[in-house]
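Student: Input structure: entry_19.txt, which contains compact mmCIF, C-alpha atoms.
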# COMPACT_ATOMS: atom_id res chain seq x y z
CA MET A 1 -26.94 -17.03 1.16
CA LYS A 2 -24.09 -15.52 3.10
CA LYS A 3 -21.47 -18.00 4.19
CA ARG A 4 -21.59 -18.67 7.93
CA ILE A 5 -18.65 -21.03 8.38
CA LEU A 6 -16.67 -18.82 10.69
CA SER A 7 -16.57 -17.71 14.24
CA LEU A 8 -13.36 -15.76 14.34
CA PHE A 9 -11.92 -14.17 17.41
CA CYS A 10 -8.12 -14.21 17.33
CA ALA A 11 -6.36 -10.90 17.96
CA LEU A 12 -4.07 -9.37 15.34
CA VAL A 13 -1.15 -6.99 15.51
CA LEU A 14 -2.84 -3.63 14.96
CA LEU A 15 -1.09 -1.32 12.51
CA ALA A 16 -3.56 1.53 12.39
CA GLY A 17 -4.68 3.32 15.51
CA ALA A 18 -1.69 2.15 17.60
CA LEU A 19 1.28 4.47 17.94
CA PRO A 20 4.81 3.08 18.37
CA SER A 21 6.72 4.27 21.42
CA ALA A 22 9.07 7.22 21.19
CA ALA A 23 11.97 4.87 22.00
CA ALA A 24 11.02 2.61 19.09
CA LEU A 25 10.85 5.56 16.73
CA GLN A 26 14.20 6.83 17.96
CA GLY A 27 15.64 3.36 17.41
CA ASP A 28 14.32 3.30 13.86
CA ALA A 29 15.84 6.71 13.18
CA ALA A 30 19.23 5.62 14.51
CA ARG A 31 19.18 2.44 12.44
CA ALA A 32 18.21 4.45 9.36
CA ALA A 33 21.08 6.90 9.94
CA ASP A 34 23.55 4.04 10.36
CA ALA A 35 22.30 2.35 7.19
CA LEU A 36 22.52 5.54 5.13
CA ALA A 37 26.03 6.16 6.45
CA THR A 38 27.01 2.57 5.59
CA LEU A 39 25.79 3.16 2.04
CA GLY A 40 27.76 6.39 1.90
CA LEU A 41 24.65 8.56 1.45
CA ILE A 42 25.20 10.65 4.56
CA GLU A 43 28.48 11.41 6.32
CA THR A 44 27.56 10.86 9.98
CA ALA A 45 26.06 7.72 11.47
CA ALA A 46 23.78 7.82 14.50
CA SER A 47 26.74 6.97 16.71
CA GLY A 48 28.42 10.20 15.59
CA ASP A 49 27.47 13.79 16.34
CA ASP A 50 24.32 13.95 14.22
CA ASN A 51 21.36 15.04 16.37
CA LEU A 52 18.44 12.96 15.11
CA ASN A 53 15.92 15.15 16.92
CA ALA A 54 17.20 18.36 15.33
CA PRO A 55 15.14 19.88 12.51
CA ALA A 56 16.12 18.71 9.05
CA THR A 57 16.88 21.63 6.75
CA ARG A 58 15.92 22.06 3.13
CA ALA A 59 19.60 21.94 2.17
CA GLN A 60 20.14 18.64 4.02
CA ALA A 61 17.06 17.18 2.36
CA VAL A 62 18.22 18.08 -1.15
CA VAL A 63 21.76 16.80 -0.58
CA LEU A 64 20.25 13.46 0.55
CA LEU A 65 17.84 13.49 -2.40
CA VAL A 66 20.65 13.73 -4.96
CA ALA A 67 22.54 10.99 -3.12
CA LEU A 68 19.45 8.75 -3.25
CA ALA A 69 19.26 9.33 -6.98
CA GLY A 70 22.88 8.27 -7.33
CA GLU A 71 23.67 11.49 -9.20
CA ARG A 72 26.31 13.23 -7.09
CA LYS A 73 28.82 13.22 -9.96
CA GLU A 74 26.23 14.68 -12.31
CA ALA A 75 25.50 17.39 -9.75
CA GLU A 76 29.17 18.32 -9.47
CA ALA A 77 29.47 18.53 -13.25
CA ASP A 78 26.31 20.59 -13.79
CA THR A 79 27.09 24.16 -14.86
CA TRP A 80 23.51 25.41 -14.86
CA ILE A 81 22.93 28.61 -12.89
CA SER A 82 19.96 28.49 -10.53
CA GLY A 83 19.93 32.15 -9.55
CA PHE A 84 19.75 31.36 -5.81
CA THR A 85 21.93 33.72 -3.83
CA ASP A 86 21.59 32.12 -0.39
CA VAL A 87 22.92 28.62 -1.04
CA PRO A 88 25.91 27.46 1.06
CA ALA A 89 28.96 26.09 -0.73
CA TRP A 90 28.62 22.60 0.80
CA ALA A 91 25.16 22.14 -0.76
CA HIS A 92 25.50 24.36 -3.83
CA ALA A 93 26.02 21.61 -6.41
CA GLU A 94 23.12 19.45 -5.19
CA ILE A 95 20.63 22.32 -4.82
CA THR A 96 21.51 23.71 -8.23
CA TYR A 97 21.28 20.27 -9.84
CA ALA A 98 17.98 19.38 -8.18
CA ALA A 99 16.49 22.69 -9.27
CA HIS A 100 17.79 22.12 -12.81
CA ARG A 101 16.15 18.69 -12.88
CA GLY A 102 12.87 20.16 -11.64
CA TRP A 103 12.93 18.17 -8.43
CA THR A 104 13.00 21.24 -6.20
CA SER A 105 12.09 24.89 -6.36
CA GLY A 106 13.07 27.95 -4.40
CA ALA A 107 11.08 29.88 -1.83
CA ALA A 108 11.49 32.89 -4.13
CA LEU A 109 13.21 33.69 -7.42
CA THR A 110 16.62 34.18 -5.81
CA GLU A 111 16.04 32.45 -2.44
CA PHE A 112 16.13 28.76 -1.63
CA LYS A 113 16.06 29.21 2.16
CA PRO A 114 18.46 26.29 2.73
CA ASP A 115 18.45 26.60 6.52
CA SER A 116 14.67 26.48 6.87
CA THR A 117 13.15 23.28 8.25
CA VAL A 118 11.99 21.02 5.44
CA THR A 119 8.33 20.12 5.75
CA ALA A 120 6.97 16.65 5.11
CA ASN A 121 5.07 17.89 2.07
CA ALA A 122 8.13 19.60 0.61
CA TRP A 123 10.39 16.56 1.15
CA PHE A 124 7.94 14.11 -0.38
CA ALA A 125 7.30 16.48 -3.27
CA PHE A 126 11.08 16.47 -3.92
CA LEU A 127 11.21 12.69 -3.64
CA LEU A 128 8.14 12.06 -5.81
CA ARG A 129 9.52 14.26 -8.58
CA MET A 130 12.84 12.44 -8.43
CA LEU A 131 10.93 9.17 -8.85
CA GLY A 132 9.17 10.44 -11.95
CA TYR A 133 5.88 11.74 -10.54
CA SER A 134 4.77 15.22 -11.55
CA ASP A 135 2.67 17.70 -9.65
CA LYS A 136 2.35 19.71 -12.86
CA ALA A 137 0.83 16.68 -14.61
CA GLY A 138 -1.57 16.13 -11.72
CA ASP A 139 0.03 13.08 -10.12
CA PHE A 140 -0.01 14.82 -6.75
CA THR A 141 -0.23 18.25 -5.17
CA VAL A 142 2.53 19.74 -3.04
CA PRO A 143 0.15 20.41 -0.09
CA GLY A 144 -0.90 16.75 -0.27
CA ALA A 145 2.47 15.19 -1.14
CA ALA A 146 3.04 13.43 2.19
CA LEU A 147 -0.45 11.93 2.18
CA PHE A 148 -0.08 10.79 -1.44
CA ALA A 149 3.29 9.23 -0.60
CA GLN A 150 1.64 7.23 2.18
CA GLN A 151 -1.25 6.27 -0.09
CA ILE A 152 1.02 4.74 -2.73
CA GLY A 153 3.29 3.03 -0.21
CA LEU A 154 6.29 5.34 -0.53
CA ALA A 155 5.90 6.55 3.06
CA ALA A 156 5.50 3.77 5.62
CA ARG A 157 3.89 6.04 8.20
CA THR A 158 2.16 9.39 8.54
CA TYR A 159 4.38 12.47 8.29
CA SER A 160 3.28 16.06 8.78
CA GLY A 161 4.74 19.45 9.64
CA GLY A 162 8.48 19.97 9.83
CA LEU A 163 10.72 16.91 9.72
CA THR A 164 13.51 16.00 12.10
CA ARG A 165 16.74 14.55 10.76
CA GLY A 166 15.68 11.17 12.12
CA GLN A 167 12.40 11.32 10.22
CA LEU A 168 14.21 12.40 7.06
CA TYR A 169 16.54 9.41 7.35
CA GLN A 170 13.68 6.99 8.11
CA SER A 171 11.68 8.12 5.11
CA ALA A 172 14.74 7.84 2.89
CA MET A 173 15.32 4.25 4.01
CA ASP A 174 11.64 3.41 3.49
CA ALA A 175 11.98 4.71 -0.06
CA MET A 176 14.90 2.38 -0.88
CA THR A 177 12.73 -0.49 -2.09
CA PHE A 178 10.18 1.73 -3.83
CA SER A 179 10.11 1.69 -7.63
CA TYR A 180 10.51 4.62 -9.96
CA LYS A 181 7.20 5.49 -11.59
CA ASP A 182 8.21 3.94 -14.92
CA GLY A 183 8.98 0.64 -13.18
CA SER A 184 12.56 0.60 -14.46
CA ALA A 185 14.16 0.03 -11.05
CA THR A 186 13.85 0.51 -7.32
CA VAL A 187 15.78 3.30 -5.64
CA ILE A 188 18.33 0.87 -4.21
CA GLY A 189 18.47 -1.03 -7.49
CA ARG A 190 19.43 2.08 -9.41
CA LEU A 191 21.90 3.12 -6.72
CA VAL A 192 23.67 -0.23 -6.93
CA GLU A 193 23.65 -0.06 -10.72
CA ARG A 194 25.30 3.36 -10.66
CA THR A 195 27.59 2.64 -7.73
CA PRO A 196 28.48 -1.08 -7.79
CA ALA A 197 30.80 -0.64 -4.80
CA ILE A 198 27.82 -0.36 -2.45
CA ARG A 199 26.29 -3.71 -3.49
CA ALA A 200 27.87 -5.61 -0.60
CA ALA A 201 26.63 -3.03 1.91
CA ALA A 202 23.14 -3.02 0.39
CA ASN A 203 23.06 -6.80 0.51
CA ALA A 204 24.27 -6.86 4.12
CA LEU A 205 21.48 -4.43 5.05
CA GLY A 206 18.91 -6.75 3.44
CA LEU A 207 17.90 -4.17 0.85
CA LEU A 208 18.40 -6.59 -2.04
CA GLU A 209 16.53 -9.44 -0.35
CA THR A 210 13.24 -10.23 -2.08
CA ALA A 211 11.77 -12.23 0.81
CA LEU A 212 9.94 -9.96 3.25
CA THR A 213 9.64 -9.95 7.01
CA ALA A 214 6.32 -9.21 8.69
CA ARG A 215 7.58 -5.69 9.49
CA GLN A 216 8.47 -5.11 5.84
CA VAL A 217 5.06 -6.35 4.72
CA ALA A 218 3.44 -3.94 7.14
CA ASP A 219 5.62 -1.01 6.08
CA ARG A 220 5.51 -1.57 2.34
CA LEU A 221 2.14 -3.15 1.58
CA THR A 222 -0.45 -1.93 4.09
CA ALA A 223 -1.28 0.99 1.80
CA ALA A 224 -2.72 -1.47 -0.74
CA VAL A 225 -5.31 -2.85 1.71
CA PHE A 226 -8.49 -1.16 2.90
CA ARG A 227 -11.56 -1.44 5.08
CA ILE A 228 -14.91 -1.97 3.37
CA ASP A 229 -18.03 -0.44 4.91
CA LEU A 230 -21.15 -1.99 3.39
CA TYR A 231 -24.66 -0.53 3.51
CA GLU A 232 -27.58 -2.86 2.76
CA LYS A 233 -30.33 -0.24 2.58
CA GLN A 234 -30.54 3.38 1.54
CA LYS A 235 -31.59 4.38 5.05
CA HIS A 236 -28.28 3.04 6.32
CA VAL A 237 -26.47 5.20 3.75
CA ASN A 238 -28.48 8.25 4.82
CA GLU A 239 -27.75 7.57 8.49
CA GLY A 240 -24.07 6.84 7.84
CA THR A 241 -24.31 3.51 9.67
CA PRO A 242 -22.74 0.58 7.81
CA THR A 243 -24.36 -2.82 8.28
CA SER A 244 -21.06 -4.69 8.06
CA THR A 245 -17.34 -4.20 7.62
CA ALA A 246 -14.85 -6.27 5.66
CA SER A 247 -11.52 -5.98 3.84
CA GLY A 248 -10.25 -5.57 0.30
CA PHE A 249 -7.00 -4.95 -1.57
CA PHE A 250 -6.05 -3.15 -4.77
CA ILE A 251 -4.71 -5.07 -7.77
CA SER A 252 -4.23 -2.05 -10.06
CA GLU A 253 -3.21 1.55 -9.56
CA ASP A 254 -6.46 2.81 -11.09
CA GLY A 255 -8.68 1.22 -8.42
CA LEU A 256 -9.45 -2.41 -9.32
CA ALA A 257 -9.67 -4.32 -6.05
CA VAL A 258 -10.42 -7.82 -4.78
CA THR A 259 -12.61 -8.89 -1.88
CA ASN A 260 -14.92 -11.75 -0.96
CA TYR A 261 -18.31 -11.90 -2.60
CA HIS A 262 -19.95 -12.26 0.80
CA SER A 263 -18.27 -8.98 1.82
CA ILE A 264 -20.41 -7.06 -0.66
CA GLU A 265 -23.45 -9.34 -0.78
CA ASP A 266 -26.83 -7.58 -0.46
CA GLY A 267 -25.22 -4.15 -0.42
CA VAL A 268 -26.59 -1.05 -2.13
CA TYR A 269 -23.56 1.11 -1.37
CA GLY A 270 -20.02 0.58 -0.13
CA THR A 271 -16.85 2.49 0.61
CA ALA A 272 -13.15 1.70 0.87
CA THR A 273 -11.18 3.42 3.66
CA LEU A 274 -7.41 3.38 3.24
CA SER A 275 -4.62 3.40 5.82
CA THR A 276 -4.43 7.17 5.30
CA GLY A 277 -8.00 7.53 6.56
CA GLU A 278 -9.27 8.61 3.15
CA THR A 279 -12.58 7.08 2.05
CA PHE A 280 -13.47 6.25 -1.56
CA PRO A 281 -16.84 4.98 -2.88
CA ILE A 282 -17.05 1.57 -4.53
CA GLN A 283 -18.33 2.35 -8.02
CA ARG A 284 -18.85 -0.97 -9.77
CA VAL A 285 -18.52 -4.72 -9.45
CA VAL A 286 -16.63 -5.91 -12.54
CA TYR A 287 -16.50 -9.60 -11.61
CA TYR A 288 -18.08 -11.79 -8.97
CA ASP A 289 -18.76 -15.44 -8.29
CA PRO A 290 -20.79 -16.51 -5.24
CA GLU A 291 -19.54 -20.08 -5.61
CA THR A 292 -15.87 -19.16 -5.24
CA ASP A 293 -16.76 -16.27 -2.90
CA ILE A 294 -14.68 -13.74 -4.82
CA ALA A 295 -15.53 -10.31 -6.21
CA VAL A 296 -13.55 -7.66 -8.05
CA VAL A 297 -14.73 -4.08 -7.57
CA LYS A 298 -13.78 -0.74 -9.06
CA VAL A 299 -13.03 1.86 -6.42
CA SER A 300 -13.51 5.50 -7.35
CA ARG A 301 -10.39 7.65 -7.46
CA THR A 302 -12.34 10.53 -5.92
CA THR A 303 -12.92 10.50 -2.17
CA THR A 304 -16.31 10.97 -0.59
CA GLY A 305 -15.09 14.50 0.16
CA GLY A 306 -14.37 15.27 -3.49
CA LYS A 307 -10.57 14.92 -3.54
CA THR A 308 -9.13 12.99 -6.51
CA THR A 309 -6.02 10.81 -6.44
CA SER A 310 -3.95 9.71 -9.43
CA ALA A 311 -2.99 6.25 -8.19
CA PHE A 312 -3.38 3.58 -5.52
CA LYS A 313 -0.81 1.21 -4.08
CA TYR A 314 -1.58 -2.29 -5.37
CA LEU A 315 -0.53 -5.89 -4.85
CA GLU A 316 0.70 -8.42 -7.37
CA MET A 317 -1.22 -11.69 -7.64
CA THR A 318 0.60 -14.97 -8.18
CA GLY A 319 -2.01 -17.63 -7.38
CA THR A 320 -1.53 -20.95 -5.64
CA GLY A 321 0.39 -22.95 -8.25
CA ASP A 322 3.66 -22.88 -6.31
CA VAL A 323 2.23 -22.91 -2.78
CA ARG A 324 3.25 -25.82 -0.56
CA PRO A 325 2.44 -26.86 3.01
CA GLY A 326 4.91 -25.24 5.38
CA ASP A 327 5.33 -22.09 3.30
CA ARG A 328 5.35 -18.91 5.36
CA VAL A 329 2.47 -16.54 4.64
CA TYR A 330 1.23 -13.13 5.76
CA SER A 331 -2.30 -11.79 5.97
CA LEU A 332 -3.34 -8.15 5.77
CA GLY A 333 -6.88 -7.07 6.52
CA ASN A 334 -9.28 -5.21 8.78
CA PRO A 335 -10.10 -7.50 11.74
CA LEU A 336 -13.14 -6.51 13.79
CA GLY A 337 -13.29 -3.23 11.89
CA GLY A 338 -10.66 -1.85 14.24
CA GLY A 339 -7.96 -0.96 11.73
CA LEU A 340 -5.61 -2.60 9.26
CA ALA A 341 -3.46 -5.37 10.71
CA VAL A 342 -0.80 -7.89 9.75
CA SER A 343 -0.32 -11.47 10.94
CA GLU A 344 2.07 -14.27 10.06
CA GLY A 345 1.66 -18.02 9.73
CA VAL A 346 2.37 -21.06 7.60
CA VAL A 347 0.37 -22.96 5.00
CA SER A 348 -1.24 -26.02 6.59
CA ALA A 349 -2.88 -27.41 3.46
CA THR A 350 -3.08 -26.15 -0.10
CA GLU A 351 -6.31 -27.77 -1.35
CA ARG A 352 -8.69 -28.12 1.55
CA GLU A 353 -12.21 -28.92 0.37
CA VAL A 354 -14.71 -26.73 2.19
CA PRO A 355 -18.51 -27.07 1.86
CA GLY A 356 -19.98 -24.12 -0.05
CA TYR A 357 -16.80 -23.27 -1.98
CA ALA A 358 -16.28 -24.25 -5.60
CA TRP A 359 -12.48 -24.02 -5.26
CA PRO A 360 -10.39 -25.82 -2.63
CA CYS A 361 -9.14 -23.35 -0.01
CA VAL A 362 -5.67 -22.65 1.34
CA MET A 363 -5.66 -23.53 5.03
CA ASN A 364 -3.10 -21.63 7.08
CA THR A 365 -2.22 -20.32 10.54
CA ALA A 366 -2.04 -16.57 9.82
CA ASP A 367 -4.58 -15.18 12.28
CA ILE A 368 -7.65 -13.44 10.95
CA SER A 369 -10.91 -12.35 12.52
CA LYS A 370 -14.38 -11.22 11.61
CA GLY A 371 -13.88 -8.22 9.33
CA SER A 372 -10.78 -9.75 7.74
CA SER A 373 -12.93 -11.27 4.99
CA GLY A 374 -11.64 -10.03 1.64
CA GLY A 375 -8.11 -9.34 2.88
CA ALA A 376 -4.88 -10.50 1.25
CA LEU A 377 -3.05 -13.75 2.01
CA MET A 378 0.48 -13.34 0.65
CA ASN A 379 3.62 -15.35 0.19
CA ILE A 380 6.97 -14.17 1.56
CA TYR A 381 7.51 -12.02 -1.54
CA GLY A 382 4.37 -9.99 -0.90
CA GLN A 383 2.46 -11.61 -3.76
CA VAL A 384 -1.19 -12.52 -3.19
CA ILE A 385 -2.02 -16.21 -3.27
CA ALA A 386 -5.52 -16.10 -1.75
CA VAL A 387 -8.28 -13.98 -0.27
CA THR A 388 -8.73 -14.38 3.49
CA THR A 389 -12.25 -15.61 4.01
CA GLY A 390 -12.90 -17.52 7.23
CA ALA A 391 -11.96 -20.37 9.55
CA TYR A 392 -13.18 -23.61 11.05
CA ALA A 393 -15.18 -22.55 14.08
CA GLN A 394 -14.10 -25.58 16.15
CA GLY A 395 -10.47 -25.64 15.05
CA ASN A 396 -7.28 -23.98 16.21
CA SER A 397 -5.36 -21.84 13.71
CA MET A 398 -7.36 -23.32 10.84
CA TYR A 399 -7.88 -20.20 8.75
CA LEU A 400 -9.04 -20.28 5.15
CA GLY A 401 -8.16 -18.39 2.00
CA VAL A 402 -9.88 -18.59 -1.37
CA PRO A 403 -7.27 -18.83 -4.18
CA VAL A 404 -7.03 -15.73 -6.41
CA ASP A 405 -6.50 -17.95 -9.46
CA PRO A 406 -10.06 -17.30 -10.78
CA VAL A 407 -9.41 -13.54 -10.66
CA MET A 408 -6.21 -13.96 -12.63
CA GLU A 409 -8.17 -15.77 -15.35
CA ALA A 410 -11.21 -13.45 -15.36
CA ASP A 411 -12.05 -10.69 -17.82
CA LEU A 412 -11.84 -7.54 -15.71
CA THR A 413 -12.46 -5.11 -18.58
CA LYS A 414 -16.26 -5.34 -18.44
CA LYS A 415 -18.37 -2.42 -17.30
CA GLY A 416 -19.93 -4.57 -14.60
CA TRP A 417 -22.74 -3.66 -12.25
CA THR A 418 -23.46 -1.44 -9.28
CA LEU A 419 -23.67 -3.10 -5.88
CA GLU A 420 -27.42 -2.67 -5.92
CA GLU A 421 -27.69 -4.32 -9.35
CA VAL A 422 -25.67 -7.31 -8.15
CA ALA A 423 -27.95 -7.67 -5.13
CA LYS A 424 -31.06 -7.62 -7.37
CA ILE A 425 -29.56 -10.14 -9.80
CA GLU A 426 -28.69 -12.58 -7.05
CA ARG A 427 -32.02 -12.17 -5.26
CA ALA A 428 -33.78 -12.92 -8.55
CA LYS A 429 -31.73 -16.10 -8.95
CA ILE A 430 -32.66 -17.23 -5.44
CA GLU A 431 -36.36 -16.52 -6.05
CA LYS A 432 -36.25 -18.40 -9.35
CA ALA A 433 -34.56 -21.41 -7.78
CA ARG A 434 -37.08 -21.41 -4.92
CA ALA A 435 -40.00 -21.30 -7.37
CA GLU A 436 -38.56 -24.16 -9.43
CA ASN A 437 -38.09 -26.27 -6.30
CA GLU A 438 -41.68 -25.66 -5.24
CA THR A 439 -42.96 -26.87 -8.58
Produce structure tokens that represent the structure in this file.
Tutor:
Amino acid sequence: MKKRILSLFCALVLLAGALPSAAALQGDAARAADALATLGLIETAASGDDNLNAPATRAQAVVLLVALAGERKEAEADTWISGFTDVPAWAHAEITYAAHRGWTSGAALTEFKPDSTVTANAWFAFLLRMLGYSDKAGDFTVPGAALFAQQIGLAARTYSGGLTRGQLYQSAMDAMTFSYKDGSATVIGRLVERTPAIRAAANALGLLETALTARQVADRLTAAVFRIDLYEKQKHVNEGTPTSTASGFFISEDGLAVTNYHSIEDGVYGTATLSTGETFPIQRVVYYDPETDIAVVKVSRTTTGGKTTSAFKYLEMTGTGDVRPGDRVYSLGNPLGGGLAVSEGVVSATEREVPGYAWPCVMNTADISKGSSGGALMNIYGQVIAVTTGAYAQGNSMYLGVPVDPVMEADLTKKGWTLEEVAKIERAKIEKARAENET
């Protein structure tokens, strides 16, 4: 039976579907410019003569790219000849070096078009290649580079068309804490390693701090969380009308994801819709336990529209072993089906016994609502400790999370079952138990 312990109604801070004000965006751009100038990656801070609303050029983007990589000296020493005849002297070393490394390409054999406005797709293609991703190997496509960057958490917001200088600076700052594809370091980590003199500035800017604010959780981790649309009958699938919505979060780049069991219970088909708006079918259930109310599903890497992605943003699980009352926590989920949202609270109790649950729950004050079931409850380092599942209907700020510890101990390599197969298996168990009780 589906668990009916909750009557959730608290509002959350909406992240999707709500646009920040122009003033807020301008403020972010100015702060990003100041931070990059403090780190010595650009020459002019926002308080100088840099027009943040002016178009960012391809030359400016590549000069910043090489600075982000910490390879200015290598660029100056590179003697490779690019063949571009339209590159200005001030950007010649960086453009030549980036082309040599395969991070950028020209508009034509002998033209780079340095003064043209850099598009979001071009900039993120440059950045992804610098981080070790390859469009030639199929990691991403240049026309879809900005969307892929958002999908894997490199871009904290949606970018399209030509970029302004402010947007270029914002995206560069968002990339600071992102890891290179091989996991060897973050962008800021490698910069500090190559230029130790900037460590104090990086530390002062909070870039080396491992504890996250709510804003940082929203910017860096929302891409790993998704909305689940569940369909209980084939007619609902045919009509395109889900019977319920819930939440889930990825735990591997190839599509393994965690949710509540009751979020997929009785379903014949389900989909996962990401913060980018892309929708992916749920292929299999590789682990589930009605008693702990946890399920692990495999999400297809091909959208319902036929587009394939190479990777998903995912969250690290740490379990509840080190969780203590008073610890700050964050929740990410899909309250009321209205869009992904973040909330903040503290742990109230670590082992609250709740009827119907085989494992004691984590009680906390991070607001959730109906539709948040299956979302992530995280510690201040962005590591998942529990799955948001419900609340005491008569209580105040008494929200519950099921520990992810069983998932961490489970064998997730099995082929598993389809949603429909799980529904049949569990219905058969219920019928069997009912028959045995009657006899």
Student: Using all atoms listed in the file, which of the listed residues (A:Lys414, A:Tyr169, A:Ala98, A:Gly40) sits closest to Ile198 (chain A)?
Tutor: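 Closest to Ile198 (chain A), using all atoms listed in the file: A:Gly40.
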Student: Rounded to one decimal, what separation in Å do you get between CA of Gly345 (chain A) and CA of Arg328 (chain A)?
Tutor: 5.8 Å
Student: Would you mind listing what lies within 7 Å of Arg301 (chain A) as a compact mmCIF listing (two decimals) with C-alpha atoms, in the frame of the given file, with all atoms listed in the file counted and same-chain residues fewer than 4 positions away left out?
Tutor:
# COMPACT_ATOMS: atom_id res chain seq x y z
CA GLY A 255 -8.68 1.22 -8.42
CA PHE A 280 -13.47 6.25 -1.56
CA THR A 308 -9.13 12.99 -6.51
CA THR A 309 -6.02 10.81 -6.44
Student: Which residues, written as a list in words, have at least one atom at most 10 Å from Lys415 (chain A), with all atoms listed in the file counted and residues fewer than 5 positions away on the same chain left out?
Tutor: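 The contact residues come out as Arg284, Val285, Val286, Tyr287 and Lys298 of chain A.
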Student: Provide the CA of Val258 (chain A) to CA of Gly326 (chain A) distance in Å, to one decimal place.
Tutor: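 Going from CA of Val258 (chain A) over to CA of Gly326 (chain A), I get 25.3 Å.
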Student: Can you list, as a VMD selection string, every protein, DNA or RNA residue that comes within 12 Å of Leu64 (chain A) when you count all atoms listed in the file, leaving out same-chain residues fewer than 4 positions away?
Tutor: chain A and resid 33 36 to 37 39 to 43 56 to 60 68 to 72 91 94 to 95 98 123 126 to 127 130 165 168 to 173
